[in-house]
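*Asks:* This one is protein.csv, CSV, C-alpha atoms.
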chain,number,residue,atom,x,y,z
A,1,MET,CA,85.0,-4.6,33.5
A,2,GLN,CA,83.9,-5.7,30.0
A,3,ARG,CA,80.3,-4.8,29.3
A,4,VAL,CA,78.2,-7.8,28.2
A,5,SER,CA,74.7,-8.0,26.8
A,6,SER,CA,73.0,-10.7,28.9
A,7,PRO,CA,73.4,-12.6,32.2
A,8,LEU,CA,74.3,-15.8,30.4
A,9,MET,CA,77.0,-14.0,28.3
A,10,PHE,CA,78.3,-12.4,31.5
A,11,TYR,CA,78.5,-15.8,33.1
A,12,SER,CA,80.3,-17.3,30.1
A,13,HIS,CA,82.6,-14.3,30.1
A,14,LEU,CA,83.6,-15.2,33.6
A,15,LEU,CA,84.2,-18.8,32.8
A,16,GLU,CA,86.3,-18.0,29.8
A,17,LYS,CA,88.3,-15.5,31.8
A,18,ASP,CA,89.1,-18.2,34.4
A,19,GLY,CA,89.9,-21.0,32.0
A,20,GLY,CA,86.4,-22.5,32.1
A,21,ASP,CA,86.6,-23.1,35.8
A,22,ARG,CA,84.4,-21.0,38.1
A,23,ALA,CA,86.3,-22.2,41.1
A,24,GLY,CA,89.3,-20.5,39.5
A,25,GLY,CA,88.3,-17.2,40.9
A,26,ALA,CA,85.1,-16.0,39.1
A,27,SER,CA,82.7,-14.4,41.5
A,28,PRO,CA,79.3,-12.8,41.1
A,29,PRO,CA,79.0,-9.1,40.6
A,30,THR,CA,78.8,-7.1,43.8
A,31,GLY,CA,75.6,-5.4,45.0
A,32,GLN,CA,77.3,-2.0,44.3
A,33,GLN,CA,77.9,-3.1,40.7
A,34,LEU,CA,74.3,-4.2,40.3
A,35,SER,CA,72.9,-1.0,41.8
A,36,SER,CA,75.3,1.4,40.1
A,37,GLY,CA,74.0,0.8,36.6
A,38,PHE,CA,76.7,-1.6,35.3
A,39,PHE,CA,73.9,-4.2,34.5
A,40,PRO,CA,70.6,-2.2,34.6
A,41,ALA,CA,68.6,-4.5,32.3
A,42,GLU,CA,70.0,-7.8,33.7
A,43,ARG,CA,69.9,-7.0,37.4
A,44,ARG,CA,67.1,-9.5,38.4
A,45,ALA,CA,68.4,-12.3,36.1
A,46,LEU,CA,71.9,-12.0,37.5
A,47,LEU,CA,70.6,-12.1,41.1
A,48,GLN,CA,68.6,-15.2,40.2
A,49,LEU,CA,71.6,-16.8,38.4
A,50,PHE,CA,74.0,-16.4,41.3
A,51,ASP,CA,71.6,-16.7,44.3
A,52,GLY,CA,69.6,-19.6,42.8
A,53,ARG,CA,66.4,-18.2,44.1
A,54,ARG,CA,63.4,-16.5,42.6
A,55,THR,CA,63.0,-12.9,43.5
A,56,MET,CA,60.2,-10.4,43.9
A,57,SER,CA,59.9,-9.3,40.3
A,58,LEU,CA,57.9,-6.0,40.7
A,59,LEU,CA,60.4,-4.6,43.2
A,60,LEU,CA,63.8,-6.1,42.3
A,61,GLU,CA,63.5,-5.6,38.6
A,62,ASN,CA,63.7,-1.8,39.4
A,63,GLU,CA,65.8,-1.4,42.4
A,64,PHE,CA,66.9,2.1,43.5
A,65,SER,CA,70.6,3.0,43.2
A,66,GLU,CA,72.8,3.5,46.2
A,67,LEU,CA,73.1,7.2,47.0
A,68,PRO,CA,76.5,9.0,47.1
A,69,GLU,CA,78.0,10.2,50.3
A,70,ASP,CA,76.3,13.6,50.0
A,71,LYS,CA,72.9,11.9,49.6
A,72,SER,CA,72.1,13.8,46.4
A,73,VAL,CA,69.5,12.2,44.3
A,74,ASP,CA,70.3,12.0,40.6
A,75,THR,CA,67.2,13.3,38.8
A,76,LYS,CA,67.3,11.0,35.7
A,77,LEU,CA,68.1,7.8,37.6
A,78,PHE,CA,65.3,8.6,40.1
A,79,LEU,CA,62.7,9.3,37.4
A,80,ASP,CA,63.7,6.2,35.4
A,81,THR,CA,63.3,4.0,38.5
A,82,VAL,CA,60.3,5.6,40.2
A,83,SER,CA,58.3,5.4,37.0
A,84,HIS,CA,57.9,1.7,37.5
A,85,LEU,CA,56.4,2.0,41.0
A,86,PRO,CA,52.8,3.1,40.2
A,87,SER,CA,52.0,-0.5,39.2
A,88,PHE,CA,52.6,-1.4,42.9
A,89,PHE,CA,49.1,-0.1,43.6
A,90,ASP,CA,47.5,-2.6,41.2
A,91,CYS,CA,48.6,-5.3,43.7
A,92,LEU,CA,46.4,-3.7,46.4
A,93,GLY,CA,43.3,-4.7,44.4
A,94,SER,CA,40.8,-1.9,45.3
A,95,LYS,CA,40.2,0.7,42.6
A,96,VAL,CA,40.3,3.3,45.4
A,97,PHE,CA,44.1,3.0,45.4
A,98,THR,CA,44.2,4.0,41.8
A,99,VAL,CA,43.8,7.6,43.1
A,100,ILE,CA,47.2,7.3,44.8
A,101,LYS,CA,48.6,5.6,41.7
A,102,SER,CA,47.3,8.4,39.4
A,103,ASP,CA,48.6,11.0,41.7
A,104,ILE,CA,52.1,9.5,41.7
A,105,ASN,CA,52.0,9.1,37.9
A,106,GLY,CA,51.0,12.8,37.5
A,107,ASN,CA,53.7,14.0,39.8
A,108,ILE,CA,56.4,12.0,38.1
A,109,THR,CA,55.2,13.5,34.8
A,110,LYS,CA,55.4,17.0,36.2
A,111,ILE,CA,58.9,16.5,37.6
A,112,ARG,CA,60.1,14.9,34.3
A,113,GLY,CA,58.7,17.9,32.4
A,114,VAL,CA,60.8,20.3,34.5
A,115,TYR,CA,63.9,18.1,34.1
A,116,LEU,CA,63.6,17.8,30.3
A,117,LYS,CA,63.6,21.6,30.0
A,118,ASP,CA,67.3,21.7,31.0
A,119,PRO,CA,68.8,18.3,32.0
A,120,ALA,CA,72.2,19.9,32.4
A,121,LYS,CA,70.8,22.3,35.0
A,122,TYR,CA,68.7,19.9,36.9
A,123,VAL,CA,71.2,17.1,37.5
A,124,THR,CA,69.8,16.4,41.0
A,125,LEU,CA,66.4,16.8,42.6
A,126,GLN,CA,67.8,19.5,44.8
A,127,ASP,CA,68.8,21.5,41.7
A,128,ILE,CA,65.2,21.6,40.7
A,129,VAL,CA,63.9,22.7,44.1
A,130,GLU,CA,66.6,25.4,44.6
A,131,ALA,CA,66.2,26.7,41.1
A,132,GLU,CA,62.4,27.1,41.5
A,133,ARG,CA,62.9,28.8,44.8
A,134,GLU,CA,65.0,31.4,43.0
A,135,ALA,CA,62.6,31.7,40.1
A,136,HIS,CA,59.2,31.9,41.8
A,137,GLY,CA,59.8,33.8,45.0
A,138,ALA,CA,56.7,34.0,47.2
A,139,GLU,CA,54.9,31.4,45.2
A,140,TRP,CA,57.5,28.8,46.1
A,141,PRO,CA,57.3,26.0,47.3
A,142,LYS,CA,53.7,25.6,46.1
A,143,VAL,CA,54.7,25.5,42.5
A,144,GLY,CA,56.2,23.4,39.7
A,145,GLY,CA,58.4,20.4,40.3
A,146,THR,CA,58.8,21.4,44.0
A,147,LEU,CA,55.1,20.8,44.7
A,148,ALA,CA,55.0,17.7,42.6
A,149,LEU,CA,58.0,16.2,44.4
A,150,MET,CA,56.5,17.1,47.8
A,151,TRP,CA,53.4,15.0,47.0
A,152,LEU,CA,55.4,12.3,45.3
A,153,LYS,CA,57.6,11.7,48.3
A,154,ARG,CA,54.4,11.2,50.4
A,155,GLY,CA,53.2,8.4,48.1
A,156,LEU,CA,56.7,6.9,48.2
A,157,ARG,CA,56.6,7.0,52.0
A,158,PHE,CA,53.3,5.2,52.0
A,159,ILE,CA,54.9,2.3,50.0
A,160,GLN,CA,57.9,2.3,52.2
A,161,ILE,CA,56.0,2.1,55.5
A,162,LEU,CA,53.7,-0.6,54.1
A,163,LEU,CA,56.5,-2.8,52.9
A,164,GLN,CA,58.6,-2.2,56.1
A,165,SER,CA,55.6,-3.2,58.2
A,166,LEU,CA,55.2,-6.4,56.3
A,167,ALA,CA,58.9,-7.1,56.5
A,168,ASP,CA,58.9,-6.5,60.2
A,169,GLY,CA,56.1,-9.2,60.6
A,170,GLU,CA,53.4,-6.8,61.8
A,171,ARG,CA,50.0,-8.4,61.4
A,172,ASP,CA,46.5,-8.7,62.9
A,173,GLU,CA,46.7,-11.7,65.2
A,174,ASN,CA,43.0,-12.3,64.7
A,175,ASN,CA,43.3,-12.1,60.9
A,176,PRO,CA,46.9,-12.9,60.1
A,177,ASN,CA,46.3,-13.2,56.4
A,178,LEU,CA,45.0,-9.7,56.0
A,179,ILE,CA,47.1,-6.6,55.4
A,180,ARG,CA,44.7,-4.0,56.7
A,181,VAL,CA,47.0,-3.4,59.7
A,182,ASN,CA,49.9,-2.7,57.4
A,183,ILE,CA,48.0,-0.5,55.0
A,184,THR,CA,46.4,1.5,57.8
A,185,LYS,CA,49.8,2.2,59.4
A,186,ALA,CA,51.2,3.3,56.1
A,187,TYR,CA,48.2,5.6,55.4
A,188,GLU,CA,48.1,7.1,58.9
A,189,GLN,CA,51.8,7.9,58.9
A,190,ALA,CA,52.3,9.0,55.3
A,191,LEU,CA,49.1,10.5,53.9
A,192,LYS,CA,46.2,10.9,56.4
A,193,ARG,CA,47.2,14.3,57.8
A,194,TYR,CA,47.1,15.7,54.2
A,195,HIS,CA,43.6,14.4,53.4
A,196,GLY,CA,40.3,15.9,54.3
A,197,TRP,CA,37.6,13.8,55.9
A,198,ILE,CA,36.0,12.9,52.6
A,199,VAL,CA,39.2,11.4,51.3
A,200,GLN,CA,39.8,9.7,54.6
A,201,LYS,CA,36.4,8.0,54.5
A,202,ILE,CA,37.0,6.8,50.9
A,203,PHE,CA,40.3,5.3,52.1
A,204,ASN,CA,38.6,3.6,55.1
A,205,ALA,CA,36.2,2.0,52.7
A,206,ALA,CA,39.0,0.8,50.5
A,207,LEU,CA,40.4,-1.2,53.5
A,208,MET,CA,37.5,-3.5,53.3
A,209,ALA,CA,38.6,-4.6,49.8
A,210,ALA,CA,42.3,-5.0,50.7
A,211,PRO,CA,43.8,-8.2,49.4
A,212,TYR,CA,44.9,-11.2,51.5
A,213,ARG,CA,48.5,-11.1,52.5
A,214,SER,CA,49.3,-14.2,50.5
A,215,ASN,CA,47.6,-12.8,47.4
A,216,PHE,CA,49.4,-9.4,47.8
A,217,LEU,CA,52.8,-11.0,48.0
A,218,LYS,CA,52.0,-13.2,45.0
A,219,ALA,CA,50.9,-10.1,43.0
A,220,LEU,CA,54.2,-8.4,43.8
A,221,SER,CA,56.0,-11.6,42.5
A,222,LYS,CA,54.0,-11.3,39.3
A,223,GLY,CA,52.2,-14.5,40.0
A,224,GLU,CA,55.3,-16.6,40.7
A,225,GLU,CA,55.0,-19.3,43.3
A,226,VAL,CA,57.5,-18.2,46.0
A,227,THR,CA,57.6,-18.7,49.7
A,228,GLU,CA,56.7,-15.9,52.0
A,229,GLU,CA,60.2,-16.0,53.5
A,230,ASP,CA,61.8,-15.4,50.1
A,231,CYS,CA,59.2,-12.7,49.3
A,232,LEU,CA,60.0,-10.8,52.5
A,233,ALA,CA,63.7,-11.2,52.0
A,234,ALA,CA,63.3,-9.6,48.6
A,235,VAL,CA,61.3,-6.8,50.2
A,236,ARG,CA,64.0,-6.1,52.8
A,237,ARG,CA,66.6,-6.0,50.0
A,238,PHE,CA,64.6,-3.6,48.0
A,239,LEU,CA,64.0,-1.3,51.0
A,240,VAL,CA,67.7,-0.6,51.6
A,241,ASN,CA,68.3,1.9,48.8
A,242,TYR,CA,64.6,2.8,48.5
A,243,THR,CA,64.3,3.9,52.1
A,244,ALA,CA,67.6,5.8,51.9
A,245,THR,CA,66.3,7.7,48.8
A,246,VAL,CA,62.9,8.6,50.3
A,247,ASP,CA,64.6,9.7,53.6
A,248,ALA,CA,67.1,11.9,51.6
A,249,ILE,CA,64.2,13.7,49.8
A,250,TYR,CA,62.4,14.3,53.1
A,251,GLU,CA,65.6,15.6,54.7
A,252,MET,CA,66.1,17.9,51.7
A,253,TYR,CA,62.6,19.4,52.1
A,254,THR,CA,63.3,20.0,55.8
A,255,ASP,CA,66.7,21.6,55.2
A,256,LEU,CA,65.3,23.9,52.5
A,257,ASN,CA,62.1,24.7,54.4
A,258,ALA,CA,60.1,23.4,51.4
A,259,GLU,CA,57.5,21.4,53.2
A,260,LEU,CA,53.8,22.5,53.2
A,261,ASP,CA,51.1,21.3,55.5
A,262,TYR,CA,47.6,21.6,53.9
A,263,THR,CA,44.8,19.1,53.2
A,264,VAL,CA,43.1,18.2,49.9
Can the structure from this file be put into structure tokens for me?
*Replies:*
Amino acid sequence: MQRVSSPLMFYSHLLEKDGGDRAGGASPPTGQQLSSGFFPAERRALLQLFDGRRTMSLLLENEFSELPEDKSVDTKLFLDTVSHLPSFFDCLGSKVFTVIKSDINGNITKIRGVYLKDPAKYVTLQDIVEAEREAHGAEWPKVGGTLALMWLKRGLRFIQILLQSLADGERDENNPNLIRVNITKAYEQALKRYHGWIVQKIFNAALMAAPYRSNFLKALSKGEEVTEEDCLAAVRRFLVNYTATVDAIYEMYTDLNAELDYTV
């Protein structure tokens, strides 16, 4: 397939290829093409062009790639994509969530630092974890990129559970426009067990400042006026490859016995 520099040029290319008539066989790029890096910069615009719908900018501009059959996670692709996620926590309003945002940013930086030392050696995340196991002996896994990825995956799981809870329609029937139920579920399942009572109390206080559901979805859409139905459809689409990636990292830590259970 010929590489083109913009969605409109891509569309024009299809029309020219089919004699100027879209009905002559031109079809939109497949989901696999969009997620495999054929059109990394144009992904959201192409989806809008062919779907005719607005999308959830913050999420769909930086979708995760589909994993290969062996569920290996390409280090560079992962780092490039996940580096856009910390801004997710700005949508939650309370400054308390900046602690999680800062933690995620810091762990991404640490993993990237390890990767850049030898990109050819650390092609996948598992390459990093296994190499550090060999290099650090008894110190492992509480060291280097292994420790950073361990904490990063927990922050990513928090995002996953929160978004999945919203997509599943879970809400407080007495306060349907609040997302405290969703945030609480995500925190309790992904992070609470690793936090001491002081951090837990800080989080409980942050719940009181959680945004309204409608405001949160609008923030994810970067202020676009979109329907809740379209927002949640975009969330579900984003979650497909995102959930698969987070699950694969958790499975890797289980298989390599790299998980640690301590509180901060």
*Asks:* If I take atom CA of Phe64 of chain A and atom CA of Asn241 of chain A, how far is one from the other in Å, to one decimal?
*Replies:* 5.5 Å
*Asks:* Please list as a ChimeraX atom specification every residue within 6 Å of segment 116-131 of chain A, counting all atoms listed in the file and excluding residues in the same chain fewer than 2 positions away.
*Replies:* /A:73-75,113-114,133-134,146
*Asks:* For atom CA of Ala205 of chain A and atom CA of Ser221 of chain A, determine how far apart the two atoms are, in Å to one decimal place.
*Replies:*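 Answer for the atom CA of Ala205 of chain A to atom CA of Ser221 of chain A separation: 26.1 Å.
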*Asks:* Between atom CA of Ala209 of chain A and atom CA of Leu92 of chain A, what distance in Å does the model show, to one decimal?
*Replies:*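 Distance between the two atoms: 8.6 Å.
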*Asks:* Write out as a PyMOL selection string which residues come within 10 Å of Asn204 of chain A when counting all atoms listed in the file, dropping same-chain ones fewer than 6 positions away.
*Replies:* chain A and resi 96+180+184+187+198
*Asks:* Let me see the file: selected residues, C-alpha atoms, as a CSV table (one decimal), in the coordinates of the input.
*Replies:*
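So out-v9.csv came out as:
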chain,number,residue,atom,x,y,z
A,96,VAL,CA,40.3,3.3,45.4
A,180,ARG,CA,44.7,-4.0,56.7
A,184,THR,CA,46.4,1.5,57.8
A,187,TYR,CA,48.2,5.6,55.4
A,198,ILE,CA,36.0,12.9,52.6
*Asks:* With 4 Å added on each side, what axis-aligned box encloses every listed atom of segment 88-96 of chain A? Give the centre and edge lengths in Å to one decimal, as AutoDock Vina command-line options.
*Replies:*
--center_x 46.4 --center_y -1.0 --center_z 43.8 --size_x 20.4 --size_y 16.6 --size_z 13.2
*Asks:* Would you kindly return, as number ranges by chain, each protein, DNA or RNA residue with an atom no farther than 12 Å from any atom of Gly93 of chain A, considering only C-alpha atoms and excluding same-chain residues fewer than 5 positions away?
*Replies:* A: 87-88, 98, 101, 179, 206-213, 215-217, 219-220
*Asks:* Put those residues in a file: C-alpha atoms, as a PDB file, keeping the file's coordinate frame.
*Replies:*
ATOM      1  CA  SER A  87      52.000  -0.500  39.200  1.00  0.00           C
ATOM      2  CA  PHE A  88      52.600  -1.400  42.900  1.00  0.00           C
ATOM      3  CA  THR A  98      44.200   4.000  41.800  1.00  0.00           C
ATOM      4  CA  LYS A 101      48.600   5.600  41.700  1.00  0.00           C
ATOM      5  CA  ILE A 179      47.100  -6.600  55.400  1.00  0.00           C
ATOM      6  CA  ALA A 206      39.000   0.800  50.500  1.00  0.00           C
ATOM      7  CA  LEU A 207      40.400  -1.200  53.500  1.00  0.00           C
ATOM      8  CA  MET A 208      37.500  -3.500  53.300  1.00  0.00           C
ATOM      9  CA  ALA A 209      38.600  -4.600  49.800  1.00  0.00           C
ATOM     10  CA  ALA A 210      42.300  -5.000  50.700  1.00  0.00           C
ATOM     11  CA  PRO A 211      43.800  -8.200  49.400  1.00  0.00           C
ATOM     12  CA  TYR A 212      44.900 -11.200  51.500  1.00  0.00           C
ATOM     13  CA  ARG A 213      48.500 -11.100  52.500  1.00  0.00           C
ATOM     14  CA  ASN A 215      47.600 -12.800  47.400  1.00  0.00           C
ATOM     15  CA  PHE A 216      49.400  -9.400  47.800  1.00  0.00           C
ATOM     16  CA  LEU A 217      52.800 -11.000  48.000  1.00  0.00           C
ATOM     17  CA  ALA A 219      50.900 -10.100  43.000  1.00  0.00           C
ATOM     18  CA  LEU A 220      54.200  -8.400  43.800  1.00  0.00           C
TER      19      LEU A 220
END
*Asks:* Tell me which protein, DNA and RNA residues are within 7 Å of segment 148-153 of chain A, counting all atoms listed in the file, leaving out same-chain ones fewer than 4 positions away, and put them as JSON, numbers by chain.
*Replies:* {"A": [104, 107, 110, 111, 144, 157, 246, 259]}
*Asks:* If we count all atoms listed in the file and set the cut-off at 7 Å, which residues sit around segment 166-174 of chain A, ignoring sequence neighbours fewer than 6 positions away in its own chain? Please answer as a list in words.
*Replies:*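 Everything that qualifies: Val181, Asn182, Leu232, Val235 and Arg236 of chain A.
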*Asks:* Take the selection from the previous step and output its residues with C-alpha atoms, as a PDB file, keeping the file's coordinate frame.
*Replies:*
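Just written: result-v6.pdb:
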ATOM      1  CA  VAL A 181      47.000  -3.400  59.700  1.00  0.00           C
ATOM      2  CA  ASN A 182      49.900  -2.700  57.400  1.00  0.00           C
ATOM      3  CA  LEU A 232      60.000 -10.800  52.500  1.00  0.00           C
ATOM      4  CA  VAL A 235      61.300  -6.800  50.200  1.00  0.00           C
ATOM      5  CA  ARG A 236      64.000  -6.100  52.800  1.00  0.00           C
TER       6      ARG A 236
END
*Asks:* Of the candidates A:Glu132, A:Phe203, A:Arg112, A:Phe238, which one gets nearest to Leu256 of chain A if we count only C-alpha atoms?
*Replies:*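 The answer is A:Glu132, which sits nearest to Leu256 of chain A.
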*Asks:* Mind filling out segment 175-186 of chain A with all heavy atoms and sending it as a PDB file, in the frame of the given file?
*Replies:*
ATOM      1  N   ASN A 175      43.425 -11.889  62.380  1.00  0.00           N
ATOM      2  CA  ASN A 175      43.300 -12.100  60.900  1.00  0.00           C
ATOM      3  C   ASN A 175      44.675 -12.014  60.291  1.00  0.00           C
ATOM      4  O   ASN A 175      44.990 -11.057  59.579  1.00  0.00           O
ATOM      5  CB  ASN A 175      42.361 -11.032  60.323  1.00  0.00           C
ATOM      6  CG  ASN A 175      40.966 -11.078  60.901  1.00  0.00           C
ATOM      7  OD1 ASN A 175      40.166 -11.945  60.585  1.00  0.00           O
ATOM      8  ND2 ASN A 175      40.663 -10.117  61.776  1.00  0.00           N
ATOM      9  N   PRO A 176      45.512 -13.017  60.548  1.00  0.00           N
ATOM     10  CA  PRO A 176      46.900 -12.900  60.100  1.00  0.00           C
ATOM     11  C   PRO A 176      47.136 -12.878  58.624  1.00  0.00           C
ATOM     12  O   PRO A 176      48.212 -12.457  58.181  1.00  0.00           O
ATOM     13  CB  PRO A 176      47.530 -14.210  60.729  1.00  0.00           C
ATOM     14  CG  PRO A 176      46.371 -15.148  60.901  1.00  0.00           C
ATOM     15  CD  PRO A 176      45.208 -14.274  61.252  1.00  0.00           C
ATOM     16  N   ASN A 177      46.159 -13.274  57.820  1.00  0.00           N
ATOM     17  CA  ASN A 177      46.300 -13.200  56.400  1.00  0.00           C
ATOM     18  C   ASN A 177      45.756 -11.989  55.732  1.00  0.00           C
ATOM     19  O   ASN A 177      45.600 -11.919  54.517  1.00  0.00           O
ATOM     20  CB  ASN A 177      45.747 -14.487  55.702  1.00  0.00           C
ATOM     21  CG  ASN A 177      46.301 -14.697  54.292  1.00  0.00           C
ATOM     22  OD1 ASN A 177      47.434 -14.340  53.997  1.00  0.00           O
ATOM     23  ND2 ASN A 177      45.484 -15.271  53.418  1.00  0.00           N
ATOM     24  N   LEU A 178      45.424 -10.993  56.545  1.00  0.00           N
ATOM     25  CA  LEU A 178      45.000  -9.700  56.000  1.00  0.00           C
ATOM     26  C   LEU A 178      46.090  -8.685  56.184  1.00  0.00           C
ATOM     27  O   LEU A 178      46.913  -8.792  57.095  1.00  0.00           O
ATOM     28  CB  LEU A 178      43.717  -9.236  56.754  1.00  0.00           C
ATOM     29  CG  LEU A 178      42.460 -10.103  56.608  1.00  0.00           C
ATOM     30  CD1 LEU A 178      41.315  -9.496  57.409  1.00  0.00           C
ATOM     31  CD2 LEU A 178      42.061 -10.240  55.141  1.00  0.00           C
ATOM     32  N   ILE A 179      46.105  -7.678  55.318  1.00  0.00           N
ATOM     33  CA  ILE A 179      47.100  -6.600  55.400  1.00  0.00           C
ATOM     34  C   ILE A 179      46.554  -5.286  55.773  1.00  0.00           C
ATOM     35  O   ILE A 179      47.184  -4.262  55.560  1.00  0.00           O
ATOM     36  CB  ILE A 179      47.951  -6.534  54.092  1.00  0.00           C
ATOM     37  CG1 ILE A 179      47.041  -6.159  52.911  1.00  0.00           C
ATOM     38  CG2 ILE A 179      48.705  -7.822  53.810  1.00  0.00           C
ATOM     39  CD1 ILE A 179      47.818  -5.847  51.635  1.00  0.00           C
ATOM     40  N   ARG A 180      45.348  -5.292  56.338  1.00  0.00           N
ATOM     41  CA  ARG A 180      44.700  -4.000  56.700  1.00  0.00           C
ATOM     42  C   ARG A 180      45.558  -3.272  57.734  1.00  0.00           C
ATOM     43  O   ARG A 180      45.672  -2.043  57.686  1.00  0.00           O
ATOM     44  CB  ARG A 180      43.319  -4.273  57.255  1.00  0.00           C
ATOM     45  CG  ARG A 180      42.334  -4.798  56.222  1.00  0.00           C
ATOM     46  CD  ARG A 180      40.995  -5.139  56.861  1.00  0.00           C
ATOM     47  NE  ARG A 180      40.113  -5.823  55.915  1.00  0.00           N
ATOM     48  CZ  ARG A 180      38.981  -6.414  56.244  1.00  0.00           C
ATOM     49  NH1 ARG A 180      38.584  -6.413  57.508  1.00  0.00           N
ATOM     50  NH2 ARG A 180      38.242  -7.011  55.334  1.00  0.00           N
ATOM     51  N   VAL A 181      46.138  -3.998  58.677  1.00  0.00           N
ATOM     52  CA  VAL A 181      47.000  -3.400  59.700  1.00  0.00           C
ATOM     53  C   VAL A 181      48.144  -2.638  59.064  1.00  0.00           C
ATOM     54  O   VAL A 181      48.480  -1.508  59.428  1.00  0.00           O
ATOM     55  CB  VAL A 181      47.481  -4.417  60.710  1.00  0.00           C
ATOM     56  CG1 VAL A 181      48.584  -3.829  61.586  1.00  0.00           C
ATOM     57  CG2 VAL A 181      46.341  -4.919  61.579  1.00  0.00           C
ATOM     58  N   ASN A 182      48.751  -3.274  58.076  1.00  0.00           N
ATOM     59  CA  ASN A 182      49.900  -2.700  57.400  1.00  0.00           C
ATOM     60  C   ASN A 182      49.566  -1.483  56.567  1.00  0.00           C
ATOM     61  O   ASN A 182      50.257  -0.462  56.594  1.00  0.00           O
ATOM     62  CB  ASN A 182      50.594  -3.764  56.559  1.00  0.00           C
ATOM     63  CG  ASN A 182      50.730  -5.104  57.264  1.00  0.00           C
ATOM     64  OD1 ASN A 182      49.892  -5.981  57.060  1.00  0.00           O
ATOM     65  ND2 ASN A 182      51.742  -5.261  58.089  1.00  0.00           N
ATOM     66  N   ILE A 183      48.457  -1.612  55.821  1.00  0.00           N
ATOM     67  CA  ILE A 183      48.000  -0.500  55.000  1.00  0.00           C
ATOM     68  C   ILE A 183      47.585   0.683  55.841  1.00  0.00           C
ATOM     69  O   ILE A 183      47.892   1.842  55.529  1.00  0.00           O
ATOM     70  CB  ILE A 183      46.872  -0.929  54.046  1.00  0.00           C
ATOM     71  CG1 ILE A 183      47.352  -2.001  53.078  1.00  0.00           C
ATOM     72  CG2 ILE A 183      46.339   0.263  53.262  1.00  0.00           C
ATOM     73  CD1 ILE A 183      46.268  -2.543  52.167  1.00  0.00           C
ATOM     74  N   THR A 184      46.864   0.394  56.914  1.00  0.00           N
ATOM     75  CA  THR A 184      46.400   1.500  57.800  1.00  0.00           C
ATOM     76  C   THR A 184      47.566   2.226  58.405  1.00  0.00           C
ATOM     77  O   THR A 184      47.564   3.460  58.456  1.00  0.00           O
ATOM     78  CB  THR A 184      45.519   0.891  58.920  1.00  0.00           C
ATOM     79  OG1 THR A 184      44.372   0.253  58.350  1.00  0.00           O
ATOM     80  CG2 THR A 184      45.058   1.981  59.866  1.00  0.00           C
ATOM     81  N   LYS A 185      48.582   1.500  58.847  1.00  0.00           N
ATOM     82  CA  LYS A 185      49.800   2.200  59.400  1.00  0.00           C
ATOM     83  C   LYS A 185      50.421   3.060  58.389  1.00  0.00           C
ATOM     84  O   LYS A 185      50.783   4.207  58.696  1.00  0.00           O
ATOM     85  CB  LYS A 185      50.767   1.099  59.898  1.00  0.00           C
ATOM     86  CG  LYS A 185      52.052   1.694  60.459  1.00  0.00           C
ATOM     87  CD  LYS A 185      53.013   0.609  60.934  1.00  0.00           C
ATOM     88  CE  LYS A 185      54.280   1.228  61.523  1.00  0.00           C
ATOM     89  NZ  LYS A 185      55.229   0.187  62.012  1.00  0.00           N
ATOM     90  N   ALA A 186      50.560   2.563  57.156  1.00  0.00           N
ATOM     91  CA  ALA A 186      51.200   3.300  56.100  1.00  0.00           C
ATOM     92  C   ALA A 186      50.390   4.598  55.797  1.00  0.00           C
ATOM     93  O   ALA A 186      50.947   5.696  55.635  1.00  0.00           O
ATOM     94  CB  ALA A 186      51.369   2.492  54.851  1.00  0.00           C
TER      95      ALA A 186
END
